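Source file: my_file.cif; contents: mmCIF, C-alpha atoms.
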```cif
data_structure
#
loop_
_atom_site.label_atom_id
_atom_site.label_comp_id
_atom_site.auth_asym_id
_atom_site.auth_seq_id
_atom_site.Cartn_x
_atom_site.Cartn_y
_atom_site.Cartn_z
CA MET Y 1 286.00 192.81 175.28
CA ARG Y 2 287.15 189.75 173.37
CA MET Y 3 285.07 186.64 172.75
CA ARG Y 4 285.88 183.00 172.05
CA PHE Y 5 283.45 180.77 170.15
CA LEU Y 6 282.09 177.96 172.34
CA GLY Y 7 279.56 176.29 170.09
CA SER Y 8 276.59 176.44 167.80
CA THR Y 9 273.78 174.25 166.59
CA SER Y 10 273.75 176.14 163.31
CA GLU Y 11 271.56 174.66 160.61
CA ALA Y 12 270.41 176.17 157.32
CA GLY Y 13 271.79 179.62 158.10
CA ALA Y 14 270.23 179.91 161.56
CA CYS Y 15 272.98 180.68 164.01
CA PRO Y 16 272.24 180.34 167.73
CA THR Y 17 275.72 180.49 169.27
CA LEU Y 18 277.48 180.79 172.62
CA TYR Y 19 280.69 182.72 173.28
CA GLU Y 20 282.95 183.03 176.33
CA THR Y 21 284.35 186.49 177.05
CA ASP Y 22 287.61 187.64 178.59
CA ARG Y 23 285.41 189.18 181.32
CA GLY Y 24 284.35 185.74 182.57
CA THR Y 25 280.87 186.02 181.07
CA ILE Y 26 278.91 184.20 178.35
CA VAL Y 27 277.43 185.95 175.31
CA VAL Y 28 274.36 184.40 173.69
CA GLN Y 29 273.66 184.99 170.00
CA GLY Y 30 270.19 183.98 168.86
CA LEU Y 31 266.85 185.07 167.58
CA GLN Y 32 265.49 188.14 169.35
CA VAL Y 33 262.30 187.42 171.28
CA THR Y 34 259.60 189.78 170.00
CA ASP Y 35 256.40 187.99 171.10
CA ALA Y 36 254.60 190.37 173.48
CA GLU Y 37 253.22 187.57 175.68
CA ALA Y 38 256.66 185.98 176.03
CA LEU Y 39 258.28 189.34 176.83
CA ALA Y 40 255.63 189.95 179.50
CA ASP Y 41 256.92 186.83 181.29
CA LEU Y 42 260.42 188.32 181.73
CA ARG Y 43 261.35 189.68 185.15
CA ASP Y 44 263.37 192.75 186.12
CA VAL Y 45 264.47 193.71 182.59
CA LEU Y 46 266.92 196.61 182.78
CA ASP Y 47 267.45 199.30 180.17
CA GLY Y 48 269.69 197.88 177.45
CA GLU Y 49 268.75 194.26 178.14
CA GLY Y 50 266.95 192.01 175.71
CA ALA Y 51 266.00 188.39 175.33
CA VAL Y 52 267.24 185.93 172.73
CA GLU Y 53 266.07 182.41 172.03
CA VAL Y 54 268.46 179.48 171.61
CA PRO Y 55 267.81 175.75 171.37
CA ARG Y 56 267.93 173.84 174.66
CA GLU Y 57 270.34 171.34 173.07
CA LEU Y 58 272.91 174.10 172.54
CA ILE Y 59 273.02 174.92 176.24
CA THR Y 60 273.06 171.29 177.35
CA GLU Y 61 275.71 170.23 174.82
CA ILE Y 62 278.08 173.05 175.73
CA ALA Y 63 277.56 172.35 179.45
CA ARG Y 64 278.24 168.64 178.89
CA ARG Y 65 281.43 169.35 176.96
CA VAL Y 66 282.73 171.89 179.47
CA LEU Y 67 281.93 169.70 182.47
CA THR Y 68 283.35 166.54 180.83
CA ASP Y 69 286.72 167.85 179.61
CA GLY Y 70 286.97 171.22 181.29
CA SER Y 71 287.06 172.95 177.92
CA ALA Y 72 284.59 173.60 175.13
CA THR Y 73 285.01 171.86 171.82
CA ALA Y 74 283.60 173.98 169.01
CA PHE Y 75 280.73 172.87 166.82
CA PRO Y 76 280.66 173.96 163.16
CA THR Y 77 280.30 177.73 163.03
CA CYS Y 78 278.33 180.12 160.85
CA GLY Y 79 281.67 181.56 159.78
CA GLY Y 80 283.79 184.49 160.81
CA THR Y 81 285.91 185.12 163.84
CA PRO Y 82 283.92 186.13 166.89
CA THR Y 83 285.17 189.39 168.35
CA ALA Y 84 283.59 192.35 169.99
CA THR Y 85 284.66 195.72 171.27
CA GLY Y 86 283.28 197.64 174.15
#
```

Transcribe the structure of this file into structure tokens.
Amino acid sequence: MRMRFLGSTSEAGACPTLYETDRGTIVVQGLQVTDAEALADLRDVLDGEGAVEVPRELITEIARRVLTDGSATAFPTCGGTPTATG
């Protein structure tokens, strides 16, 4: 799988980020949710799945950009070239 950086609201080293894959999916990078009460609210979690937390403004800004121009315009990144194998 290959990924393309879509955007981030990175500040002070925190790096919630969205990526588009060559599989037609979106990968979310963010803080892992570990709060037991929050995890109890999740539904139908399969083996290998987890939950990450990202700012609402990241999702809305990427959606706005994609819907407005039909393509995502990258925000400043945490650095590095996003790629994955698998």

Checklist line | CA of Glu20 in chain Y to CA of Glu61 in chain Y, straight-line distance in Å | finding: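 Those two atoms sit 14.8 Å apart.
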
Notebook entry, point to check: Do you know which residues are at most 12 Å from Ile26 in chain Y counting only C-alpha atoms, after dropping those on the same chain fewer than 2 positions away, and could you put them as a list in words?
Noted result: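 Counting only the stated atoms, we get Met1, Arg2, Met3, Arg4, Phe5, Leu6, Gly7, Thr17, Leu18, Tyr19, Glu20, Thr21, Asp22, Arg23, Gly24, Val28, Gln29, Ile59, Ile62 and Ala63 of chain Y.
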
Can you spit out the residues from that selection as a PDB file, keeping the file's coordinate frame, using C-alpha atoms?
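Produced file result_24.pdb, reproduced below:
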```
ATOM      1  CA  MET Y   1     286.000 192.810 175.280  1.00  0.00           C
ATOM      2  CA  ARG Y   2     287.150 189.750 173.370  1.00  0.00           C
ATOM      3  CA  MET Y   3     285.070 186.640 172.750  1.00  0.00           C
ATOM      4  CA  ARG Y   4     285.880 183.000 172.050  1.00  0.00           C
ATOM      5  CA  PHE Y   5     283.450 180.770 170.150  1.00  0.00           C
ATOM      6  CA  LEU Y   6     282.090 177.960 172.340  1.00  0.00           C
ATOM      7  CA  GLY Y   7     279.560 176.290 170.090  1.00  0.00           C
ATOM      8  CA  THR Y  17     275.720 180.490 169.270  1.00  0.00           C
ATOM      9  CA  LEU Y  18     277.480 180.790 172.620  1.00  0.00           C
ATOM     10  CA  TYR Y  19     280.690 182.720 173.280  1.00  0.00           C
ATOM     11  CA  GLU Y  20     282.950 183.030 176.330  1.00  0.00           C
ATOM     12  CA  THR Y  21     284.350 186.490 177.050  1.00  0.00           C
ATOM     13  CA  ASP Y  22     287.610 187.640 178.590  1.00  0.00           C
ATOM     14  CA  ARG Y  23     285.410 189.180 181.320  1.00  0.00           C
ATOM     15  CA  GLY Y  24     284.350 185.740 182.570  1.00  0.00           C
ATOM     16  CA  VAL Y  28     274.360 184.400 173.690  1.00  0.00           C
ATOM     17  CA  GLN Y  29     273.660 184.990 170.000  1.00  0.00           C
ATOM     18  CA  ILE Y  59     273.020 174.920 176.240  1.00  0.00           C
ATOM     19  CA  ILE Y  62     278.080 173.050 175.730  1.00  0.00           C
ATOM     20  CA  ALA Y  63     277.560 172.350 179.450  1.00  0.00           C
TER      21      ALA Y  63
END
```

Report as a tab-separated table: every residue of range 2-32 of chain Y with an atom at most 7 Å from range 41-57 of chain Y, its closest pair of atoms, and their distance in Å to one decimal, counting all atoms listed in the file, with rows sorted by chain and ascending residue number.
```
residue	atom	partner	partner_atom	distance
Y:Pro16	CA	Y:Val54	CA	5.5
Y:Gly30	CA	Y:Val52	CA	5.2
Y:Leu31	CA	Y:Val52	CA	5.2
Y:Gln32	CA	Y:Val52	CA	4.4
```

Item checked: From Y:Val33, Y:Thr25, Y:Ala40, Y:Leu58, residue lying nearest Thr9 in chain Y [all atoms listed in the file] ->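 Distance minimum relative to Thr9 in chain Y lands on Y:Leu58.
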